[in-house]
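Asks: Sending over a structure as C-alpha cells; questions will come in a sec.
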2 protein chains.
Amino acid sequence: MICVQKKKDSMETSLDIYLTERKALIETHLFACLPPQGTRPANLTEAMRHAVMCGGKRLRPILCLAAAEAAGGSAETALPPACAVELLHTYTLVHDDLPCMDNDVLRRGQPTVHVKYGEAVAVLVGDALQTLAFGVLAQTPETAPGMTARLVTELVSAAGATGVIGGQMEDIATASAPTRAAIDYVFQHKTADLFRVAVRLGAIVAQAPDRDLEKLSVFANGLGLAFQVMDDILDAADSKSGGKPELSCLDVMTETEARAWATQLTRDACGALSGLPGDTAPLSSIATDLLSRVS
Amino acid sequence: MICVQKKKDSMETSLDIYLTERKALIETHLFACLPPQGTRPANLTEAMRHAVMCGGKRLRPILCLAAAEAAGGSAETALPPACAVELLHTYTLVHDDLPCMDNDVLRRGQPTVHVKYGEAVAVLVGDALQTLAFGVLAQTPETAPGMTARLVTELVSAAGATGVIGGQMEDIATASAPTRAAIDYVFQHKTADLFRVAVRLGAIVAQAPDRDLEKLSVFANGLGLAFQVMDDILDAADSKSGGKPELSCLDVMTETEARAWATQLTRDACGALSGLPGDTAPLSSIATDLLSRVS
C-alpha cells in the first residue's frame with residue numbers, strides 16, 4: 001500500500017511540486033475573494049488580508065481539490081468550496097488566538113491579528129472571514145439542482161456549535177483536566193470535522209455517488225484525527241510560543257502510543273480510498289507525507 | 001398618506017395584534033432552529049439559547065415576512081430567511097457587547113452573554129449563531145433555480161466587511177471624533193443594511209420582479225436609517241446602562257433636527273411602497289408606529 005511506505009526521493013519531489021502548484025492555484029483564487037486593498041473600512045480589510053495571506057500550507061483546500069479529482073471531477077470546479085473552507089479555517093484561528101481564548105501572540109512567525117490590530121478588530125476580522133466563507137461557497141457552479149443549499153448545509157454542520165466551534169469550546173473547558181473522552185471529542189470536532197467537510201465538499205461538487213462520498217469521508221476523518229495527533233507530538237517537541245495550556249493527547253498517552261495511533265489512523269484512512277473512480281495518489285501521498293513528519 | 005398620520009386607537013390595536021402574532025410565529029420557528037436543550041457542549045448551546053430567546057421585538061424578521069406579502073407572496077415561505085436575519089442580528093449583538101467592543105453588561109434587562117457565560121463563550125456563541133444563520137437560510141424552499149445562492153450572496157453582502165461588520169468597525173473607530181460623514185456611513189452599514197436585506201430576502205423568496213424589489217429596498221433602507229436616528233434620540237433620553245461611548249447623530253445635530261430627519265426618512269420610505277401587488281399596510285404601519293415613539 002503506497003501510503004504507508006517510506007517516501008522515495010522521486011515521489012517526494014513530485015508531491016512537493018504538486019503541493020506547490022496547488023497552493024499557488026488556491027492562493028490566486030483565495031486572494032481574489034478578499035476585499036481589494038483600500039476597501040473601507042481600510043483597517044478592517046487590511047487586517048483580513050493579513051490574516052488570510054500570512055502563510056499556511058493550505059492543506060484543507062488542497063484536500064478539497066484532490067477529493068474532487070479522486071471522485072472523477074475537476075479541481076477547478078472545487079475552487080470555491082476549497083477557498084470557503086480555508087477562509088473558515090482562518091477565521092477560527094483569528095478567534096482562537098484572542099486573549100480570552102488561547103491568547104497566542106504569534107502565528108507562523110507573524111504577530112496575530114489581535115496583537116497587530118487590536119482585539120476588537122480581531123473579533124470583527126474573524127466575523128467577516130466567516131461571512132465571506134459562505135459568500136465564496138455560494139459562488140460554486142450549480143452542477144446539480146439544490147447544490148448550493150447542500151454545500152452550505154454541509155459546511156454549517158461541520159463548522160457550527162456541534163462541529164468546529166463545539167470542539168474549541170470543549171478544548172478550552174477540558175484543557176485543565178484532560179481525559180481520553182475529551183481528547184476524542186475535541187480531535188473529532190475541532191480538527192477532523194473540517195478535514196472531513198473539505199473533502200466532502202470537493203466530492204459533492206464532483207457529483208460523487210453516496211458510496212464514494214462515504215469512502216472519502218472515512219479517509220478525511222482519519223487523516224484529520226491523525227493530523228491532530230501528529231500536531232500534538234510536534235508541539236511537545238517545540239518550545240511553546242506562549243499562550244494558555246491546550247489539550248494534548250500526550251496528556252493521556254505516551255509519545256510511542258501517540259505515534260502508533262497516528263500510524264494506524266493513516267493506514268486505515270488510506271485503506272478507505274480503494275475503488276474510487278479518479279486519481280487517489282495525491283490524497284494517499286499527502287497522508288503518508290504528514291505521517292513522515294513524526295517518524 | 002397612512003404611514004405618517006397619527007395612529008388611531010383601532011389601528012394601534014390591529015397593529016399590536018399583528019406584531020404579537022408575527023412575533024409568536026417567528027419565535028416558534030426560531031427556537032426550533034436552535035440546538036435542542038442539553039446538546040453538547042451544553043454551556044455553549046445553553047448560552048446560544050439565552051442570547052436568542054432573551055427578548056427583542058423581532059422587528060427585522062417581521063419586516064421580512066411583511067415584505068414577502070407586500071410582494072404578493074406568502075409569509076410562511078419567508079420564515080427561513082426571516083429567522084436567518086434574526087440569528088445574524090443576534091450574533092452581532094453578542095459580539096458588540098464584548099468588553100473589547102461596547103462593553104455592555106445588560107441587554108434588555110438581562111446580563112449579556114459575556115457577563116453570564118464568560119468572554120470566550122460569548123465569542124463562540126456569536127460565531128455559532130452566524131454559522132447557524134446561514135444554515136437556516138439554506139433551508140429556504142428553492143422556489144426558483146439558484147434561489148439559495150442568491151439569498152446567501154445577498155445576506156453575505158449586507159452582513160460582511162462592507163456591510164454590518166464594516167459599520168461596527170467605523171462605529172468604534174469614529175465614536176471619539178464624530179462627524180456627519182461617519183454618522184452616514186455607520187447608520188447605513190451598521191443598521192440600514194440589515195433592515196434592507198431582511199426585506200429583500202422576503203421579496204426574493206416571493207419572486208418579486210426587480211422593480212418591486214427596488215421599491216421595497218428603498219422603503220427598508222429609509223426605515224433602517226430612521227430607526228437608528230430614533231434610537232439615538234431615545235438613548236439620549238434614557239440613562240445609559242454603562243459601556244463605552246457610542247456614535248450618536250445627536251453629536252452632530254440638534255434633537256429637533258434629528259426628529260425632522262427621522263420624519264422625512266419615514267415619509268420617503270412609505271412613499272416608495274406604492275404600486276406593490278400585495279398588502280403594504282403592515283409595512284407602513286410599522287414605520288409610522290416606530291416614528292410615534294419619538295413624537
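Naming works like this for the C-alpha cells: A, B, ... for the chains as they're shown, residue 1 at the start of each chain, ligands 1 onward in shown order.
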Once you count only C-alpha atoms, what closest atom pair and distance in Å to one decimal does each residue of chain B within 8 Å of chain A have, with rows by chain and rising residue number, as a tab-separated table?

Replies:
residue	atom	partner	partner_atom	distance
B:Thr39	CA	A:Thr162	CA	7.9
B:Arg40	CA	A:Thr162	CA	6.9
B:Pro41	CA	A:Gly166	CA	5.9
B:Leu44	CA	A:Met169	CA	7.1
B:Thr45	CA	A:Ala161	CA	7.0
B:His95	CA	A:Val123	CA	7.6
B:Cys100	CA	A:Ala120	CA	5.3
B:Met101	CA	A:Ala120	CA	5.6
B:Glu119	CA	A:Cys100	CA	6.1
B:Ala120	CA	A:Cys100	CA	5.3
B:Val121	CA	A:Met169	CA	7.2
B:Val123	CA	A:His95	CA	7.6
B:Leu124	CA	A:Ile165	CA	6.4
B:Asp127	CA	A:Asp127	CA	7.0
B:Ala128	CA	A:Gly160	CA	5.2
B:Gln130	CA	A:Thr131	CA	7.8
B:Thr131	CA	A:Gly160	CA	5.7
B:Leu132	CA	A:Val156	CA	6.6
B:Phe134	CA	A:Val152	CA	7.2
B:Gly135	CA	A:Thr153	CA	5.5
B:Ala138	CA	A:Ala149	CA	4.9
B:Gln139	CA	A:Ala149	CA	7.2
B:Glu142	CA	A:Gly146	CA	7.5
B:Pro145	CA	A:Pro145	CA	7.4
B:Gly146	CA	A:Glu142	CA	7.5
B:Thr148	CA	A:Ala149	CA	5.9
B:Ala149	CA	A:Ala138	CA	5.0
B:Arg150	CA	A:Ala138	CA	7.9
B:Val152	CA	A:Gly135	CA	6.5
B:Thr153	CA	A:Gly135	CA	5.5
B:Val156	CA	A:Gly135	CA	5.6
B:Ser157	CA	A:Gly135	CA	7.8
B:Ala159	CA	A:Thr131	CA	7.1
B:Gly160	CA	A:Ala128	CA	5.2
B:Ala161	CA	A:Ala128	CA	5.4
B:Thr162	CA	A:Arg40	CA	6.9
B:Ile165	CA	A:Leu124	CA	6.4
B:Gly166	CA	A:Pro41	CA	5.9
B:Met169	CA	A:Pro41	CA	7.0
B:Glu170	CA	A:Pro41	CA	6.7

Asks: Name the residues of stretch 16-189 of chain B that fall into alpha helix (DSSP H) according to DSSP on the backbone, using the chain letters and numbers of this document, as a PyMOL selection string.

Replies: chain B and resi 16-33+42-53+59-70+79-96+113-117+119-137+147-159+164-174+180-186

Asks: B:Ala84, B:Leu290, B:Ala203, B:Ala198: which is nearest B:Leu265, counting only C-alpha atoms?

Replies: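 Looking at the shortest contact to B:Leu265, the residue is B:Leu290.
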
Asks: Separation of atom CA of B:Ala82 and atom CA of B:Pro61, in Å?

Replies: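 Rounded to one decimal, the two atoms are 4.2 Å apart.
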
Asks: What separation in Å, quoted to one decimal, exists between atom CA of A:Arg22 and atom CA of A:Glu76?

Replies: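 Taking atom CA of A:Arg22 and atom CA of A:Glu76, their separation equals 10.6 Å.
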
Asks: Could you tell me how far atom CA of B:Arg267 lies from atom CA of B:Ile26, in Å and to one decimal?

Replies: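 Atom CA of B:Ile26 lies 27.6 Å from atom CA of B:Arg267.
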
Asks: Would you list the contacts of A:Asp232 as a ChimeraX atom specification, taking every protein, DNA or RNA residue within 8 Å and counting only C-alpha atoms, but skipping same-chain residues closer than 2 positions in sequence?

Replies: /A:228-230,234-236,248-250

Asks: Considering only C-alpha atoms, state which residue in the set B:Ala181, B:Leu65, B:Leu273, B:Val294 is at the smallest distance from B:Asp212.

Replies: B:Leu273

Asks: Using only C-alpha atoms, which residues sit within 12 Å of B:Val105 once same-chain residues fewer than 4 positions away are excluded, as a ChimeraX atom specification?

Replies: /B:93-94,96-99,101,109-119,240-244

Asks: Can I get the selected residues back with C-alpha atoms, as a CSV table (one decimal), in the first residue's frame?

Replies:
chain,number,residue,atom,x,y,z
B,93,LEU,CA,-25.3,42.0,19.4
B,94,VAL,CA,-23.4,39.3,21.3
B,96,ASP,CA,-20.8,44.1,20.1
B,97,ASP,CA,-21.4,43.6,23.8
B,98,LEU,CA,-17.9,42.2,24.4
B,99,PRO,CA,-15.5,44.0,26.7
B,101,MET,CA,-16.2,46.4,21.8
B,109,GLY,CA,-32.6,43.9,31.3
B,110,GLN,CA,-30.7,40.6,31.2
B,111,PRO,CA,-27.0,40.1,31.7
B,112,THR,CA,-25.2,40.0,28.4
B,113,VAL,CA,-23.7,36.7,27.2
B,114,HIS,CA,-20.1,37.6,28.2
B,115,VAL,CA,-21.2,38.6,31.7
B,116,LYS,CA,-23.3,35.4,32.3
B,117,TYR,CA,-21.1,32.8,30.5
B,118,GLY,CA,-17.7,34.4,30.1
B,119,GLU,CA,-15.9,36.1,27.2
B,240,LYS,CA,-27.0,54.8,29.9
B,241,SER,CA,-26.5,51.3,31.2
B,242,GLY,CA,-22.8,51.6,31.2
B,243,GLY,CA,-20.5,50.6,28.3
B,244,LYS,CA,-18.2,52.7,26.1

Asks: Give me every strand (DSSP E or B) residue in stretch 39-279 of chain B, going by DSSP on the backbone, as a ChimeraX atom specification.

Replies: /B:106-107,110-111

Asks: Go through A:His189, A:Arg293, A:His29, A:Lys215 one by one, measure the shortest atom-to-atom distance of each to A:Ala78 using only C-alpha atoms, and give the residue with the smallest value.

Replies: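 Among the listed residues, A:His29 lies closest to A:Ala78.
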